[in-house]
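Visitor: Below you'll find target_13.txt; it's compact mmCIF, C-alpha atoms and all ligand atoms.
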# COMPACT_ATOMS: atom_id res chain seq x y z
CA MET A 1 113.23 76.45 85.48
CA LEU A 2 112.95 79.50 87.73
CA GLU A 3 109.28 78.83 88.48
CA PHE A 4 110.21 77.84 92.05
CA ILE A 5 111.09 81.47 92.75
CA ASN A 6 107.58 82.70 91.97
CA GLN A 7 106.08 79.83 93.94
CA GLU A 8 108.23 80.64 96.95
CA LEU A 9 107.41 84.36 96.75
CA GLU A 10 103.69 83.58 96.53
CA SER A 11 103.91 81.26 99.49
CA LEU A 12 105.74 83.92 101.55
CA LYS A 13 103.03 86.44 100.69
CA LYS A 14 100.23 84.02 101.60
CA SER A 15 101.69 83.25 105.00
CA GLY A 16 102.40 86.88 105.88
CA LEU A 17 106.16 86.35 105.75
CA TYR A 18 107.00 88.40 102.66
CA ARG A 19 109.40 91.25 103.45
CA PRO A 20 109.31 94.42 101.38
CA LEU A 21 111.98 97.10 101.89
CA LYS A 22 111.03 100.46 103.37
CA THR A 23 112.81 103.45 101.87
CA ILE A 24 114.07 106.11 104.27
CA GLU A 25 114.28 109.48 102.56
CA LYS A 26 115.69 111.54 105.39
CA ILE A 27 116.89 111.12 108.98
CA ASP A 28 116.62 113.81 111.63
CA GLY A 29 117.44 112.68 115.17
CA SER A 30 114.70 110.32 116.32
CA LYS A 31 112.63 111.11 113.21
CA ILE A 32 112.75 109.49 109.80
CA TYR A 33 110.82 110.15 106.61
CA ILE A 34 109.18 107.47 104.46
CA ASP A 35 107.02 108.40 101.43
CA GLY A 36 107.21 112.00 102.63
CA LYS A 37 105.67 111.00 105.97
CA GLU A 38 107.37 111.97 109.24
CA LEU A 39 107.74 109.06 111.67
CA ILE A 40 109.29 108.62 115.08
CA CYS A 41 111.71 105.74 114.68
CA PHE A 42 111.61 103.01 117.34
CA CYS A 43 113.72 100.44 115.55
CA SER A 44 117.19 101.91 115.20
CA ASN A 45 120.12 100.32 117.03
CA ASP A 46 121.93 103.67 117.04
CA TYR A 47 121.27 103.80 120.79
CA LEU A 48 123.29 106.92 121.57
CA GLY A 49 122.58 108.78 118.32
CA LEU A 50 126.28 108.75 117.49
CA SER A 51 125.87 108.12 113.75
CA ASN A 52 124.79 111.76 113.47
CA HIS A 53 127.04 113.26 116.12
CA PRO A 54 128.90 116.33 114.74
CA LYS A 55 132.31 115.16 116.01
CA VAL A 56 131.84 111.71 114.47
CA LYS A 57 130.76 113.12 111.10
CA LYS A 58 133.64 115.62 111.09
CA MET A 59 136.22 112.87 111.68
CA ALA A 60 134.77 110.79 108.84
CA ILE A 61 134.76 113.70 106.40
CA GLU A 62 138.30 114.77 107.27
CA THR A 63 139.54 111.23 106.84
CA ILE A 64 137.90 110.91 103.42
CA LYS A 65 139.74 114.06 102.35
CA GLU A 66 143.03 112.51 103.38
CA PHE A 67 142.57 108.82 102.52
CA GLY A 68 139.83 108.76 99.85
CA VAL A 69 136.70 106.67 100.03
CA GLY A 70 137.70 103.02 99.60
CA ALA A 71 140.60 101.17 101.23
CA GLY A 72 141.59 99.59 97.91
CA ALA A 73 142.66 96.16 99.16
CA SER A 74 142.39 93.70 102.01
CA ARG A 75 144.11 94.29 105.34
CA LEU A 76 146.94 91.83 104.65
CA ILE A 77 147.72 93.44 101.27
CA SER A 78 147.64 97.26 101.09
CA GLY A 79 144.35 97.99 102.89
CA ASN A 80 145.83 98.38 106.37
CA THR A 81 146.16 102.05 107.38
CA ILE A 82 147.27 103.68 110.61
CA ILE A 83 143.59 104.45 111.20
CA HIS A 84 142.66 100.73 111.20
CA GLU A 85 145.41 100.06 113.72
CA GLU A 86 144.48 103.03 115.87
CA LEU A 87 140.89 101.76 115.97
CA GLU A 88 142.01 98.29 117.05
CA LYS A 89 144.15 99.76 119.83
CA LYS A 90 141.22 101.90 120.92
CA ILE A 91 138.86 98.88 121.05
CA ALA A 92 141.39 96.78 122.99
CA LYS A 93 141.75 99.55 125.55
CA PHE A 94 137.98 100.13 125.74
CA LYS A 95 137.33 96.43 126.29
CA LYS A 96 140.36 96.12 128.62
CA ARG A 97 141.98 93.43 126.48
CA GLU A 98 145.50 92.94 125.18
CA SER A 99 144.48 93.24 121.57
CA ALA A 100 141.63 93.53 119.07
CA ILE A 101 140.92 92.83 115.40
CA VAL A 102 138.40 94.67 113.24
CA PHE A 103 136.25 92.99 110.56
CA SER A 104 134.04 94.71 107.96
CA THR A 105 130.87 93.82 109.88
CA GLY A 106 129.81 92.09 113.07
CA TYR A 107 128.36 89.30 110.96
CA MET A 108 131.80 88.71 109.47
CA ALA A 109 133.51 88.87 112.88
CA ASN A 110 131.37 85.98 114.12
CA ILE A 111 131.81 83.99 110.92
CA GLY A 112 135.59 84.54 110.85
CA ALA A 113 136.31 83.90 114.51
CA ILE A 114 134.09 80.86 115.07
CA THR A 115 135.20 79.07 111.90
CA ALA A 116 138.88 79.79 112.58
CA LEU A 117 138.68 78.54 116.17
CA THR A 118 136.92 75.24 115.60
CA ASP A 119 137.22 72.10 113.48
CA GLU A 120 135.71 68.62 113.26
CA LYS A 121 137.24 67.49 116.55
CA ASP A 122 135.48 70.27 118.49
CA THR A 123 132.00 71.18 119.67
CA ILE A 124 130.29 74.57 119.70
CA ILE A 125 127.63 75.00 122.38
CA ILE A 126 125.14 77.84 121.87
CA ASP A 127 121.99 79.40 123.32
CA ARG A 128 118.89 78.68 121.24
CA LEU A 129 118.23 82.40 120.73
CA ASN A 130 121.69 83.40 119.50
CA HIS A 131 121.95 85.79 116.57
CA ALA A 132 121.82 84.43 113.00
CA SER A 133 125.47 85.35 112.40
CA ILE A 134 126.52 82.93 115.15
CA ILE A 135 124.26 80.21 113.78
CA ASP A 136 125.62 80.72 110.26
CA ALA A 137 129.17 80.56 111.61
CA CYS A 138 128.33 77.25 113.29
CA LYS A 139 126.92 75.93 110.01
CA LEU A 140 130.17 76.85 108.27
CA SER A 141 132.31 75.28 110.97
CA LYS A 142 132.99 71.56 110.90
CA ALA A 143 132.51 71.32 114.65
CA ARG A 144 129.53 69.51 116.21
CA LEU A 145 126.82 72.04 117.09
CA GLN A 146 124.92 71.63 120.39
CA VAL A 147 122.10 73.95 121.42
CA TYR A 148 120.74 74.60 124.93
CA SER A 149 117.38 76.20 125.67
CA HIS A 150 117.40 79.90 126.30
CA LYS A 151 119.60 80.84 129.30
CA ASP A 152 119.12 77.31 130.70
CA MET A 153 122.23 76.68 132.79
CA ILE A 154 121.16 73.18 133.78
CA ALA A 155 120.90 72.25 130.10
CA LEU A 156 124.28 73.86 129.39
CA GLU A 157 125.92 71.90 132.20
CA LYS A 158 124.37 68.64 130.95
CA ILE A 159 125.88 69.23 127.52
CA LEU A 160 129.27 70.19 128.96
CA ALA A 161 129.35 67.12 131.20
CA LYS A 162 128.98 64.90 128.13
CA SER A 163 131.44 66.77 125.93
CA ASP A 164 134.85 65.69 127.14
CA LYS A 165 135.28 63.57 124.01
CA TYR A 166 135.72 66.77 122.00
CA LYS A 167 139.11 68.39 121.72
CA LYS A 168 137.75 71.89 122.37
CA ARG A 169 134.43 73.08 123.74
CA LEU A 170 133.43 76.59 122.65
CA ILE A 171 130.45 78.21 124.38
CA VAL A 172 129.02 81.16 122.41
CA THR A 173 126.21 83.44 123.52
CA ASP A 174 124.72 86.84 122.77
CA SER A 175 125.20 89.00 125.86
CA ILE A 176 122.07 91.08 125.15
CA PHE A 177 119.78 88.92 123.00
CA SER A 178 118.96 90.93 119.89
CA MET A 179 115.27 90.05 119.53
CA ASP A 180 114.38 89.52 123.20
CA GLY A 181 116.44 92.21 124.89
CA ASP A 182 117.33 90.08 127.91
CA ILE A 183 120.85 89.45 129.20
CA ALA A 184 122.70 86.11 129.29
CA PRO A 185 123.76 84.84 132.75
CA LEU A 186 127.44 85.40 132.05
CA PRO A 187 128.83 84.81 135.57
CA GLN A 188 127.26 81.33 135.61
CA ILE A 189 128.46 80.61 132.06
CA ALA A 190 132.01 81.66 132.98
CA LYS A 191 131.90 79.41 136.05
CA LEU A 192 130.64 76.38 134.11
CA ALA A 193 133.24 76.97 131.41
CA LYS A 194 135.98 76.92 134.02
CA LYS A 195 134.64 73.74 135.59
CA TYR A 196 134.47 71.90 132.26
CA ASN A 197 137.50 73.47 130.61
CA ALA A 198 135.55 75.24 127.86
CA ILE A 199 136.32 78.42 125.93
CA THR A 200 133.82 81.28 126.26
CA MET A 201 132.84 83.79 123.60
CA ILE A 202 130.21 86.53 123.98
CA ASP A 203 128.56 88.65 121.31
CA CYS A 204 128.32 92.17 122.71
CA ALA A 205 126.69 93.70 119.62
CA HIS A 206 123.98 95.43 121.62
CA ALA A 207 125.84 95.74 124.93
CA THR A 208 128.83 97.73 123.68
CA GLY A 209 128.35 101.39 124.62
CA VAL A 210 125.15 100.51 126.49
CA LEU A 211 125.80 98.18 129.44
CA GLY A 212 128.15 98.82 132.34
CA GLU A 213 129.16 101.93 134.26
CA ASN A 214 131.44 103.04 131.41
CA GLY A 215 129.55 101.39 128.56
CA ARG A 216 132.23 98.72 128.15
CA GLY A 217 129.60 96.00 127.80
CA ALA A 218 128.21 92.93 129.51
CA GLU A 219 131.36 91.92 131.38
CA GLU A 220 131.49 95.34 133.04
CA HIS A 221 127.75 95.10 133.80
CA PHE A 222 128.34 91.89 135.78
CA GLY A 223 131.71 92.95 137.23
CA ILE A 224 133.46 89.99 135.61
CA GLU A 225 135.89 91.82 133.34
CA GLY A 226 138.52 89.51 131.89
CA GLN A 227 136.62 86.31 132.71
CA ILE A 228 135.29 85.74 129.20
CA ASP A 229 137.94 84.51 126.75
CA ILE A 230 136.66 86.09 123.53
CA VAL A 231 134.62 89.30 123.28
CA MET A 232 132.92 90.07 119.99
CA GLY A 233 131.12 93.33 119.28
CA THR A 234 129.95 95.60 116.51
CA LEU A 235 130.68 99.22 115.67
CA SER A 236 127.34 99.44 113.88
CA LYS A 237 124.98 99.81 116.82
CA ALA A 238 125.69 102.13 119.78
CA VAL A 239 128.99 103.13 118.13
CA GLY A 240 126.89 104.40 115.20
CA SER A 241 129.32 103.42 112.44
CA LEU A 242 130.13 100.08 110.77
CA GLY A 243 132.37 97.11 111.48
CA GLY A 244 132.74 94.17 113.84
CA PHE A 245 135.51 93.26 116.23
CA ILE A 246 136.98 90.56 118.40
CA ALA A 247 138.89 91.56 121.53
CA GLY A 248 141.10 89.15 123.47
CA SER A 249 144.66 88.04 124.08
CA PHE A 250 147.60 88.93 121.77
CA GLU A 251 147.82 85.32 120.64
CA LEU A 252 144.10 85.04 119.88
CA ILE A 253 144.15 88.18 117.73
CA ASP A 254 147.39 87.21 115.98
CA PHE A 255 145.82 83.80 115.24
CA LEU A 256 142.65 85.38 113.83
CA ARG A 257 144.67 87.72 111.59
CA ASN A 258 146.21 84.62 110.07
CA LYS A 259 143.22 82.29 110.07
CA ALA A 260 139.91 84.16 109.89
CA ARG A 261 138.82 83.93 106.26
CA SER A 262 136.27 86.76 106.51
CA PHE A 263 139.15 89.00 107.63
CA ILE A 264 141.64 87.82 105.01
CA TYR A 265 139.56 87.57 101.84
CA THR A 266 137.74 90.88 101.79
CA THR A 267 138.56 94.54 101.29
CA SER A 268 139.16 96.35 104.55
CA LEU A 269 136.80 98.96 105.95
CA PRO A 270 137.07 102.51 104.57
CA PRO A 271 139.50 104.50 106.77
CA SER A 272 136.80 107.17 107.24
CA ILE A 273 134.48 104.62 108.84
CA CYS A 274 137.27 103.54 111.21
CA ALA A 275 137.92 107.19 112.09
CA ALA A 276 134.21 107.67 112.81
CA SER A 277 134.31 104.66 115.16
CA ILE A 278 137.35 106.08 116.97
CA ALA A 279 135.56 109.41 117.49
CA ALA A 280 132.42 107.61 118.66
CA LEU A 281 134.32 105.44 121.17
CA GLU A 282 135.92 108.61 122.55
CA ILE A 283 132.48 110.14 123.02
CA ILE A 284 131.26 106.96 124.74
CA GLU A 285 134.21 107.28 127.14
CA ASN A 286 134.02 111.03 127.71
CA GLU A 287 130.33 111.87 127.54
CA PRO A 288 128.55 109.49 129.93
CA GLN A 289 125.54 111.83 129.89
CA LEU A 290 124.49 110.28 126.56
CA ARG A 291 124.29 106.83 128.13
CA LYS A 292 122.53 108.35 131.13
CA ARG A 293 119.91 109.86 128.83
CA LEU A 294 119.41 106.44 127.19
CA TRP A 295 118.86 104.75 130.57
CA ASP A 296 116.58 107.57 131.73
CA ASN A 297 114.47 106.98 128.64
CA ILE A 298 114.35 103.21 129.21
CA GLY A 299 113.31 103.77 132.85
CA PHE A 300 110.68 106.33 131.85
CA PHE A 301 109.16 104.00 129.24
CA ASN A 302 109.10 101.00 131.58
CA ARG A 303 107.43 103.08 134.30
CA ARG A 304 104.76 104.15 131.80
CA ARG A 305 104.21 100.49 130.90
CA ALA A 306 103.95 99.53 134.55
CA ALA A 307 101.39 102.31 135.13
CA ILE A 308 99.05 100.56 132.70
CA ASN A 309 99.80 97.16 134.21
CA ARG A 310 102.06 95.95 131.44
CA ASP A 311 105.24 94.16 132.41
CA PRO A 312 108.38 96.21 132.05
CA THR A 313 109.70 93.52 129.75
CA THR A 314 113.44 94.05 129.76
CA GLU A 315 116.48 95.52 131.40
CA THR A 316 117.91 96.90 128.13
CA PRO A 317 116.98 99.28 125.26
CA ILE A 318 115.44 96.35 123.32
CA ILE A 319 111.82 95.86 124.31
CA PRO A 320 109.91 93.02 122.63
CA ILE A 321 106.12 93.00 122.75
CA ILE A 322 105.17 89.46 121.83
CA ILE A 323 102.00 89.22 119.74
CA GLY A 324 102.39 85.68 118.41
CA ASN A 325 100.55 85.64 115.11
CA GLU A 326 102.61 86.94 112.16
CA GLU A 327 99.84 88.74 110.28
CA LYS A 328 98.41 90.31 113.41
CA THR A 329 101.86 91.61 114.33
CA MET A 330 102.38 93.16 110.92
CA GLY A 331 98.87 94.65 111.11
CA ILE A 332 99.69 96.41 114.40
CA SER A 333 103.00 97.61 112.98
CA ARG A 334 101.12 99.07 109.97
CA LYS A 335 98.59 100.75 112.26
CA LEU A 336 101.38 102.33 114.33
CA PHE A 337 102.96 103.46 111.07
CA GLU A 338 99.74 105.25 110.13
CA ASP A 339 99.83 106.93 113.54
CA GLY A 340 103.37 108.19 112.86
CA LEU A 341 105.46 105.59 114.71
CA PHE A 342 107.96 103.31 113.00
CA VAL A 343 107.98 100.09 115.07
CA SER A 344 109.18 97.01 113.28
CA GLY A 345 107.29 93.75 113.32
CA ILE A 346 109.69 90.82 113.70
CA ARG A 347 108.63 87.39 112.50
CA PHE A 348 109.88 84.05 111.22
CA PRO A 349 112.64 83.30 110.33
CA THR A 350 114.19 86.01 112.54
CA VAL A 351 112.21 84.56 115.47
CA ALA A 352 110.38 81.22 115.75
CA LYS A 353 106.98 80.74 114.07
CA GLY A 354 104.16 81.92 116.34
CA GLU A 355 106.52 84.18 118.30
CA ALA A 356 106.10 87.26 116.12
CA ARG A 357 106.56 90.51 117.97
CA LEU A 358 106.93 94.23 117.88
CA ARG A 359 110.56 95.01 118.61
CA ILE A 360 110.95 98.44 120.12
CA THR A 361 114.33 100.05 120.57
CA ILE A 362 114.75 103.10 122.74
CA THR A 363 117.55 105.56 122.14
CA ALA A 364 119.05 108.63 123.80
CA ASN A 365 117.51 110.70 120.99
CA HIS A 366 113.90 110.07 122.00
CA SER A 367 112.06 112.79 123.89
CA LYS A 368 109.79 111.96 126.81
CA LYS A 369 106.88 113.15 124.69
CA GLU A 370 107.71 110.63 121.97
CA LEU A 371 108.02 107.82 124.52
CA GLU A 372 104.71 108.81 126.02
CA MET A 373 103.04 108.73 122.62
CA LEU A 374 104.42 105.21 122.02
CA SER A 375 103.27 104.07 125.42
CA ASN A 376 99.77 105.48 124.89
CA LEU A 377 99.34 103.83 121.50
CA LEU A 378 100.65 100.50 122.80
CA ALA A 379 98.14 100.64 125.65
CA LEU A 380 95.42 100.20 123.02
CA ILE A 381 96.66 96.80 121.84
C1 LIG B 401 123.58 93.09 114.64
C2 LIG B 401 124.18 91.89 115.25
C3 LIG B 401 125.30 91.28 114.68
C4 LIG B 401 125.84 91.68 113.34
O1 LIG B 401 126.49 92.91 113.40
P1 LIG B 401 126.63 93.80 112.07
O2 LIG B 401 127.75 94.71 112.40
O3 LIG B 401 125.32 94.47 111.88
O4 LIG B 401 126.96 92.85 110.96
C5 LIG B 401 125.87 90.22 115.35
N1 LIG B 401 125.36 89.78 116.51
C6 LIG B 401 124.27 90.34 117.09
C7 LIG B 401 123.76 89.80 118.39
C8 LIG B 401 123.64 91.41 116.46
O5 LIG B 401 122.55 91.93 117.01
Using the file provided, produce a representation of the structure as structure tokens.
Ligand SMILES: *Cc1c(COP(=O)(O)O)cnc(C)c1O
Guide:
Amino acid sequence: MLEFINQELESLKKSGLYRPLKTIEKIDGSKIYIDGKELICFCSNDYLGLSNHPKVKKMAIETIKEFGVGAGASRLISGNTIIHEELEKKIAKFKKRESAIVFSTGYMANIGAITALTDEKDTIIIDRLNHASIIDACKLSKARLQVYSHKDMIALEKILAKSDKYKKRLIVTDSIFSMDGDIAPLPQIAKLAKKYNAITMIDCAHATGVLGENGRGAEEHFGIEGQIDIVMGTLSKAVGSLGGFIAGSFELIDFLRNKARSFIYTTSLPPSICAASIAALEIIENEPQLRKRLWDNIGFFNRRRAAINRDPTTETPIIPIIIGNEEKTMGISRKLFEDGLFVSGIRFPTVAKGEARLRITITANHSKKELEMLSNLLALI
């Protein structure tokens, strides 16, 4: 009866799509250890290195001493501590919104918000390259899903123009696209939404702590703060901790507390994790030199690429190098691994078939020497 499992596994292996886990034995700044081998890591989303920041770790440890490890219940029962509420206030202030709600992960924030906000009378309109958590949320929602090609504003407008039969129109987009590293044209999206009376929601998973003068995210980057209705983000990337959030109006957040099933029916985050996020957000606000170091590194790497006539591919810390073929991509990733660099190969179903790529992430932790080594090895492919 379970024969289909073996068949499926075999077929994944044959087509180069089988995914084994890699076991990290130790982490030390930009370096990780796998099978006793030291590697420079170019695939972490911990862009500012905050997951290992002494102040962040100290806050987490102190909070464990006071509150224990687990929260013990969901937020609406007895799992809601002053730390959870302090974190939500901190996020609201950071994102310049009236209020915020924290979920256990970013994945759950998208699932909870999108399913709570839409029903069968509505339509959700998304970019083709949106993150899987948004796509899964759309699958769970009863609303009609409509997809426009990547960043194609003409296609978005065409869909909007034909969507007045729906009760609500919700446009959702990544702000920084997680596998391509480019940025959605948010000013145009906000304008179209206004024209066609649609609600806008952006996923700032990779932009939070990274984009904008103060690291507030994509809205700050474009100078359009307050023009997007719903701002989602994660605490698991540049914030270095764990959790997802939605920031918006008082009413929106109050509504989500009552309606978002992935908020209601799950145990709340450990207080220590929330405390770590609070400390990390404070560092993001007070130590802009970390973000400056990140952007210096991105600039340095892109200049090195340009020097060997390779396109500086993006304007963010996520740099995709498209190879195309799945097996070839994984082969290059293995070769880089042998040379001491951990660069992940990304392939179907995370990206479309035939669009396999190396996905490089640059962080504030990397030294110029490490970036140079990466650049030199990539010049050979
Ligand atoms: C990582 C990511 C998420 C999910 O966030 P987690 O906190 O890791 O669950 C959602 N959206 C985008 C665009 C992401 O890159």
Visitor: Point out the residue among A:Ile183, A:Ile91, A:Leu50, A:Ala116 with the least atom-to-atom distance to ligand LIG 401 (chain B), counting only C-alpha atoms and all ligand atoms.
Guide: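 Closest to ligand LIG 401 (chain B) of all the choices is A:Ile183.
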Visitor: Using all atoms listed in the file, give me every residue within 9 Å of (115.4, 96.0, 125.2) in file coordinates, as a PyMOL selection string.
Guide: chain A and resi 176-182+298+313-320+359-362
Visitor: Quick one: everything within 9 Å of A:Ser277, counting only C-alpha atoms, minus sequence neighbours fewer than 6 positions away in the same chain. Send it as number ranges by chain.
Guide: A: 56, 60, 87, 235-236, 239-243
Visitor: Would you compute the distance between atom CA of A:Asn365 and atom CA of A:Lys90? Give it in Å to one decimal.
Guide: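 Distance reported for this atom pair: 25.3 Å.
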Visitor: Which residues of chain A come within 6 Å of ligand LIG 401 (chain B), and what is each one's closest atom pair and distance in Å (one decimal), counting only C-alpha atoms and all ligand atoms, sorted by chain and residue number, as a tab-separated table?
Guide:
residue	atom	partner	partner_atom	distance
A:Thr105	CA	B:LIG401	O2	4.1
A:Gly106	CA	B:LIG401	O2	3.4
A:Tyr107	CA	B:LIG401	O4	3.8
A:His131	CA	B:LIG401	C7	4.8
A:Ser133	CA	B:LIG401	C5	5.7
A:Asp174	CA	B:LIG401	C7	5.4
A:Ser178	CA	B:LIG401	O5	4.7
A:Asp203	CA	B:LIG401	C7	5.7
A:Ala205	CA	B:LIG401	C6	4.9
A:His206	CA	B:LIG401	O5	6.0
A:Thr234	CA	B:LIG401	O2	4.7
A:Ser236	CA	B:LIG401	O2	5.0
A:Gly243	CA	B:LIG401	O2	5.3
A:Gly244	CA	B:LIG401	O2	5.2
Visitor: Work out how far apart atom CA of A:Glu327 and atom CA of A:Phe4 are and give it in Å to one decimal.
Guide: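 Those two atoms sit 23.6 Å apart.
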Visitor: Report as a ChimeraX atom specification all protein, DNA and RNA residues lying within 10 Å of A:Ala161, evaluated on only C-alpha atoms, omitting residues in the same chain fewer than 6 positions from it.
Guide: /A:155,192,195-196
Visitor: Assuming 8 Å of padding per side, give the centre and edge lengths of the axis-aligned box around every listed atom of stretch 72-78 of chain A, in Å to one decimal and as AutoDock Vina command-line options.
Guide:
--center_x 144.7 --center_y 95.7 --center_z 101.6 --size_x 22.1 --size_y 23.8 --size_z 23.4
Visitor: Pick out the closest residue to A:Arg291 from this set: A:Pro54, A:Gly70, A:Gly223, A:Gly212. Count all atoms listed in the file.
Guide: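 Looking at the shortest contact to A:Arg291, the residue is A:Gly212.
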Visitor: What's around A:Ala190 at 8 Å? Count only C-alpha atoms, leave out sequence neighbours fewer than 2 positions away in its own chain, and write the answer as a PyMOL selection string.
Guide: chain A and resi 186-188+192-194+200+227-228
Visitor: Point out the residue among A:Ser375, A:Met153, A:Thr266, A:Glu25 with the least atom-to-atom distance to A:Ala306, counting only C-alpha atoms.
Guide: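 Selected residue with least distance to A:Ala306: A:Ser375.
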Visitor: Using the incomplete input, complete stretch 214-231 of chain A to the level of N, CA, C and O atoms; output as a compact mmCIF listing (two decimals), in the coordinates of the input.
Guide:
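The result, written out as out31.txt:
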# COMPACT_ATOMS: atom_id res chain seq x y z
N ASN A 214 130.75 102.26 132.44
CA ASN A 214 131.44 103.04 131.41
C ASN A 214 131.06 102.61 130.00
O ASN A 214 131.75 102.94 129.03
N GLY A 215 130.00 101.83 129.88
CA GLY A 215 129.55 101.39 128.56
C GLY A 215 130.45 100.34 127.93
O GLY A 215 130.38 100.12 126.72
N ARG A 216 131.29 99.68 128.74
CA ARG A 216 132.23 98.72 128.15
C ARG A 216 131.55 97.41 127.75
O ARG A 216 132.12 96.60 127.05
N GLY A 217 130.34 97.18 128.25
CA GLY A 217 129.60 96.00 127.80
C GLY A 217 129.18 95.09 128.93
O GLY A 217 129.15 95.48 130.10
N ALA A 218 128.85 93.84 128.56
CA ALA A 218 128.21 92.93 129.51
C ALA A 218 129.15 92.49 130.63
O ALA A 218 128.72 92.30 131.77
N GLU A 219 130.43 92.33 130.32
CA GLU A 219 131.36 91.92 131.38
C GLU A 219 131.42 92.98 132.47
O GLU A 219 131.43 92.67 133.66
N GLU A 220 131.46 94.26 132.06
CA GLU A 220 131.49 95.34 133.04
C GLU A 220 130.18 95.36 133.83
O GLU A 220 130.19 95.54 135.05
N HIS A 221 129.07 95.14 133.16
CA HIS A 221 127.75 95.10 133.80
C HIS A 221 127.74 94.10 134.96
O HIS A 221 127.21 94.37 136.03
N PHE A 222 128.34 92.93 134.74
CA PHE A 222 128.34 91.89 135.78
C PHE A 222 129.55 91.97 136.72
O PHE A 222 129.66 91.18 137.64
N GLY A 223 130.48 92.89 136.43
CA GLY A 223 131.71 92.95 137.23
C GLY A 223 132.58 91.72 137.06
O GLY A 223 133.18 91.23 138.01
N ILE A 224 132.64 91.19 135.85
CA ILE A 224 133.46 89.99 135.61
C ILE A 224 134.47 90.25 134.48
O ILE A 224 134.76 89.37 133.68
N GLU A 225 134.98 91.48 134.44
CA GLU A 225 135.89 91.82 133.34
C GLU A 225 137.09 90.89 133.28
O GLU A 225 137.71 90.60 134.31
N GLY A 226 137.37 90.40 132.09
CA GLY A 226 138.52 89.51 131.89
C GLY A 226 138.17 88.04 132.05
O GLY A 226 138.99 87.17 131.78
N GLN A 227 136.95 87.73 132.49
CA GLN A 227 136.62 86.31 132.71
C GLN A 227 136.09 85.59 131.48
O GLN A 227 135.98 84.37 131.47
N ILE A 228 135.73 86.35 130.45
CA ILE A 228 135.29 85.74 129.20
C ILE A 228 136.51 85.72 128.26
O ILE A 228 137.25 86.70 128.20
N ASP A 229 136.72 84.62 127.56
CA ASP A 229 137.94 84.51 126.75
C ASP A 229 137.90 85.40 125.50
O ASP A 229 138.89 86.02 125.14
N ILE A 230 136.74 85.42 124.83
CA ILE A 230 136.66 86.09 123.53
C ILE A 230 135.46 87.04 123.54
O ILE A 230 134.33 86.60 123.77
N VAL A 231 135.72 88.32 123.29
CA VAL A 231 134.62 89.30 123.28
C VAL A 231 134.44 89.82 121.86
O VAL A 231 135.35 90.41 121.28
